[in-house]
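Visitor: Have a look at this one before I ask anything.
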Amino acid sequence: MNDAIDPVWPTTTGMNPFESVMWRLDAAPMLRVPTLSCEELDTVPDWDRFLAAHEWAVRMAPQFRLKVVEPPLGLGTPRWTVDPHFDLSFHIRRQRLPEGGGWPELFEALGQFFTTPLDRSRPLWEIVLYSGLPEGRAVYALKMHHSMGDGFAVMHLLSRLHSRTREPSPDKPLPGDLPAPELSEVDALRHQIIEDASIVPSVATKIGSAALRTVTNPVGGLKATARYAASLKRVVAPPVGSGSPLLAGRSMSMRLSLIDVPFSDFRAAAKAAGGSVNDAYLAALFGGYRRYHEAMGVEPPESIPTGFPISLRKADEAASGGNRIAAARIPGPVAEADPVQRIARIRELTQAARNEPAVDVMGVASPALARLPSPVLAAAVGPLTAGLQLMASNVPGIGPGHYLAGAEVLRFFGYGRSGAAALITFITSGDLASVGVGFDPAAITEPKLFLDCMVEGFAEILDLHPGSGKPVLRG
């Protein structure tokens, strides 16, 4: 594993407002937002070495030893505190798939693991090592609450905690336990009072600065305010897109699958069509949605409400933990049959969404939202995600040459939940793009047909680059 002594995920006792909202929403079962990060390994790691690696890892990433404490009566925002009863064996276990099993059995097991709620009285993560896959392979699955970090943070964490050699590193340095205070509910409230007292002068200063700018440049100030107000109206409006009644159902269940896509070919196809990889990725998803409607005998909608995360990390925050994202929404052009025209339209829509002045409205509103009781918060925020019929995420992966307790990491793939009909994640591993397809079976009532249509959607994009390989469905 990495020999750096500095912690790879610095300990903090305060949740930022966005993370507080994620934590409070978790109390509403339909709005739980765990993440599931998976690695395919070329062999099953030795169990004792695997446990020892994680003993080391939770000291390098001390945030994984912290749990959440709420102020009395929920008066204020939650905080992180050290878990005095931290027990690694509670968080890590292994499971062998049924004899003769493969990817379908893996995804069934992953779906059960993913949808089982985390214990809110302990650190908010669990790991399962699955063995019994063909060719002696294994899958490492890390389930984590979204309040701990976003997909970019998880990828950075895993890249730092992996070894770059298959052999053990007995001389790797071990950091000492970092100081992390154990907070009571009363301590959390005291911290809240101190923070609130410090916010008042800060807010006054910001208001004063804004007022001064308006006085010195009244026309510019008023125009900026008007632009932001117009943007805010667009961003907080009900989910955009005509939508499809076919995808209206919702439940607490999730079904998981995976599509392999040859990344170099896919990138070349995107370039040939004048778009980015992300444009082509969304075009493949919308093409799959259109085919699914046609196969079900339903007229494809003009568009579907679609969301996608935008990283707000600055250059010096690229390696930070936590959450630094905003959510954008577009009317996904499902009815557009021409893939090149679809890519061009997606490019226009996503660029406009990214350039909205109010794109980070959740970040701006989170300090107020985080103080709302969970039922009120769920009623305010829930419709913004439950109305989405697709959430699509594109997370940069990690290159080759990574090992976990002696097993080589062959690929990364992942899943999330958002309340949407489907949440689909695109992660690259060298020349392979792994498309993690997670969907609600109440919305997608014909899973096999849906997955076949998604494969066809990616094949359509790959065909834009003659000689491309084909997408492959796993499970």
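FYI, nothing fancy with the structure tokens labels: chains A, B, ... in order, residues from 1 per chain, ligands from 1 as they appear.
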Tell me, as a list in words, which residues lie within 8 Å of segment 333-345 of chain A, counting only C-alpha atoms; anything in the same chain fewer than 2 positions away does not count.

Guide: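 Surrounding residues, per the criterion: Ala273, Gly274, Gly275, Asp279, Ala280, Leu282, Ala283, Phe286, Gly287, Tyr289, Arg290, Pro300, Pro301, Glu302, Ser303, Ile304, Pro331, Arg347, Glu348, Leu349, Glu460 and Ile461 of chain A.
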
Visitor: Based on the backbone DSSP call, show me all residues of segment 262-350 of chain A assigned strand (DSSP E or B), as a CSV table (one decimal) with C-alpha atoms, in the first residue's frame.

Guide:
```csv
chain,number,residue,atom,x,y,z
A,262,PRO,CA,-14.1,-0.8,-25.0
A,304,ILE,CA,-37.0,12.5,-19.8
A,305,PRO,CA,-36.0,14.3,-16.6
A,306,THR,CA,-32.3,13.6,-16.2
A,307,GLY,CA,-29.8,14.5,-13.5
A,308,PHE,CA,-26.0,14.4,-13.4
A,309,PRO,CA,-23.4,15.5,-10.8
A,310,ILE,CA,-20.9,18.2,-11.5
A,311,SER,CA,-17.6,18.3,-9.6
A,322,GLY,CA,-15.9,14.7,1.5
A,325,ILE,CA,-20.5,18.3,-6.1
A,326,ALA,CA,-23.6,19.9,-7.4
A,327,ALA,CA,-26.5,18.3,-9.3
A,328,ALA,CA,-27.6,19.6,-12.7
A,329,ARG,CA,-30.7,18.6,-14.6
A,330,ILE,CA,-31.5,18.5,-18.3
A,331,PRO,CA,-34.4,17.2,-20.5
A,332,GLY,CA,-32.7,14.1,-21.9
```

Visitor: Nearest to Asp265 of chain A: which of A:Val69, A:Leu36, A:Leu31, A:Leu464 is it, counting only C-alpha atoms?

Guide: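 Of all the options, A:Leu464 lies closest to Asp265 of chain A.
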
Visitor: Quick one: of A:Leu246, A:Ile398, A:Ala378, A:Ala52, who's nearest to Leu157 of chain A, counting only C-alpha atoms?

Guide: A:Ile398

Visitor: At a cut-off of 12 Å, using only C-alpha atoms, what residues contact Ile424 of chain A? Leave out same-chain residues fewer than 6 positions from it and give the result as a PyMOL selection string.

Guide: chain A and resi 35-36+254-259+281-282+284-286+306-309+389-395+413-418+434-440+451+454

Visitor: Could you dump the residues just selected with C-alpha atoms as an mmCIF file, in the first residue's frame?

Guide:
```
data_model
loop_
_atom_site.group_PDB
_atom_site.id
_atom_site.type_symbol
_atom_site.label_atom_id
_atom_site.label_comp_id
_atom_site.auth_asym_id
_atom_site.auth_seq_id
_atom_site.Cartn_x
_atom_site.Cartn_y
_atom_site.Cartn_z
ATOM 1 C CA THR A 35 -22.749 4.510 -2.628
ATOM 2 C CA LEU A 36 -21.319 1.132 -3.612
ATOM 3 C CA MET A 254 -32.593 -1.924 -6.591
ATOM 4 C CA ARG A 255 -31.385 -4.265 -9.323
ATOM 5 C CA LEU A 256 -27.740 -4.120 -10.388
ATOM 6 C CA SER A 257 -25.862 -5.119 -13.521
ATOM 7 C CA LEU A 258 -22.749 -4.176 -15.467
ATOM 8 C CA ILE A 259 -21.850 -3.419 -19.092
ATOM 9 C CA TYR A 281 -22.157 8.282 -22.683
ATOM 10 C CA LEU A 282 -25.418 10.163 -22.183
ATOM 11 C CA ALA A 284 -25.898 5.848 -25.360
ATOM 12 C CA LEU A 285 -28.165 5.897 -22.297
ATOM 13 C CA PHE A 286 -30.894 7.885 -24.049
ATOM 14 C CA THR A 306 -32.254 13.600 -16.235
ATOM 15 C CA GLY A 307 -29.770 14.550 -13.544
ATOM 16 C CA PHE A 308 -25.998 14.387 -13.431
ATOM 17 C CA PRO A 309 -23.423 15.460 -10.818
ATOM 18 C CA GLN A 389 -36.093 9.138 -14.654
ATOM 19 C CA LEU A 390 -32.327 8.907 -15.088
ATOM 20 C CA MET A 391 -29.354 9.927 -12.969
ATOM 21 C CA ALA A 392 -26.070 9.511 -14.850
ATOM 22 C CA SER A 393 -22.639 9.782 -13.271
ATOM 23 C CA ASN A 394 -19.218 9.773 -14.959
ATOM 24 C CA VAL A 395 -16.326 9.255 -12.510
ATOM 25 C CA PHE A 413 -17.356 -0.211 -11.063
ATOM 26 C CA GLY A 414 -19.937 1.418 -8.854
ATOM 27 C CA TYR A 415 -23.558 2.179 -8.025
ATOM 28 C CA GLY A 416 -25.587 4.826 -6.239
ATOM 29 C CA ARG A 417 -29.124 5.654 -5.207
ATOM 30 C CA SER A 418 -30.991 8.896 -5.779
ATOM 31 C CA SER A 434 -17.419 -0.257 -16.709
ATOM 32 C CA VAL A 435 -21.016 0.936 -16.794
ATOM 33 C CA GLY A 436 -22.714 0.134 -13.496
ATOM 34 C CA VAL A 437 -26.462 -0.055 -14.179
ATOM 35 C CA GLY A 438 -28.652 0.260 -11.101
ATOM 36 C CA PHE A 439 -32.414 0.571 -11.476
ATOM 37 C CA ASP A 440 -35.641 0.435 -9.506
ATOM 38 C CA LEU A 451 -30.418 -4.221 -20.106
ATOM 39 C CA MET A 454 -28.889 -0.386 -22.912
#
```
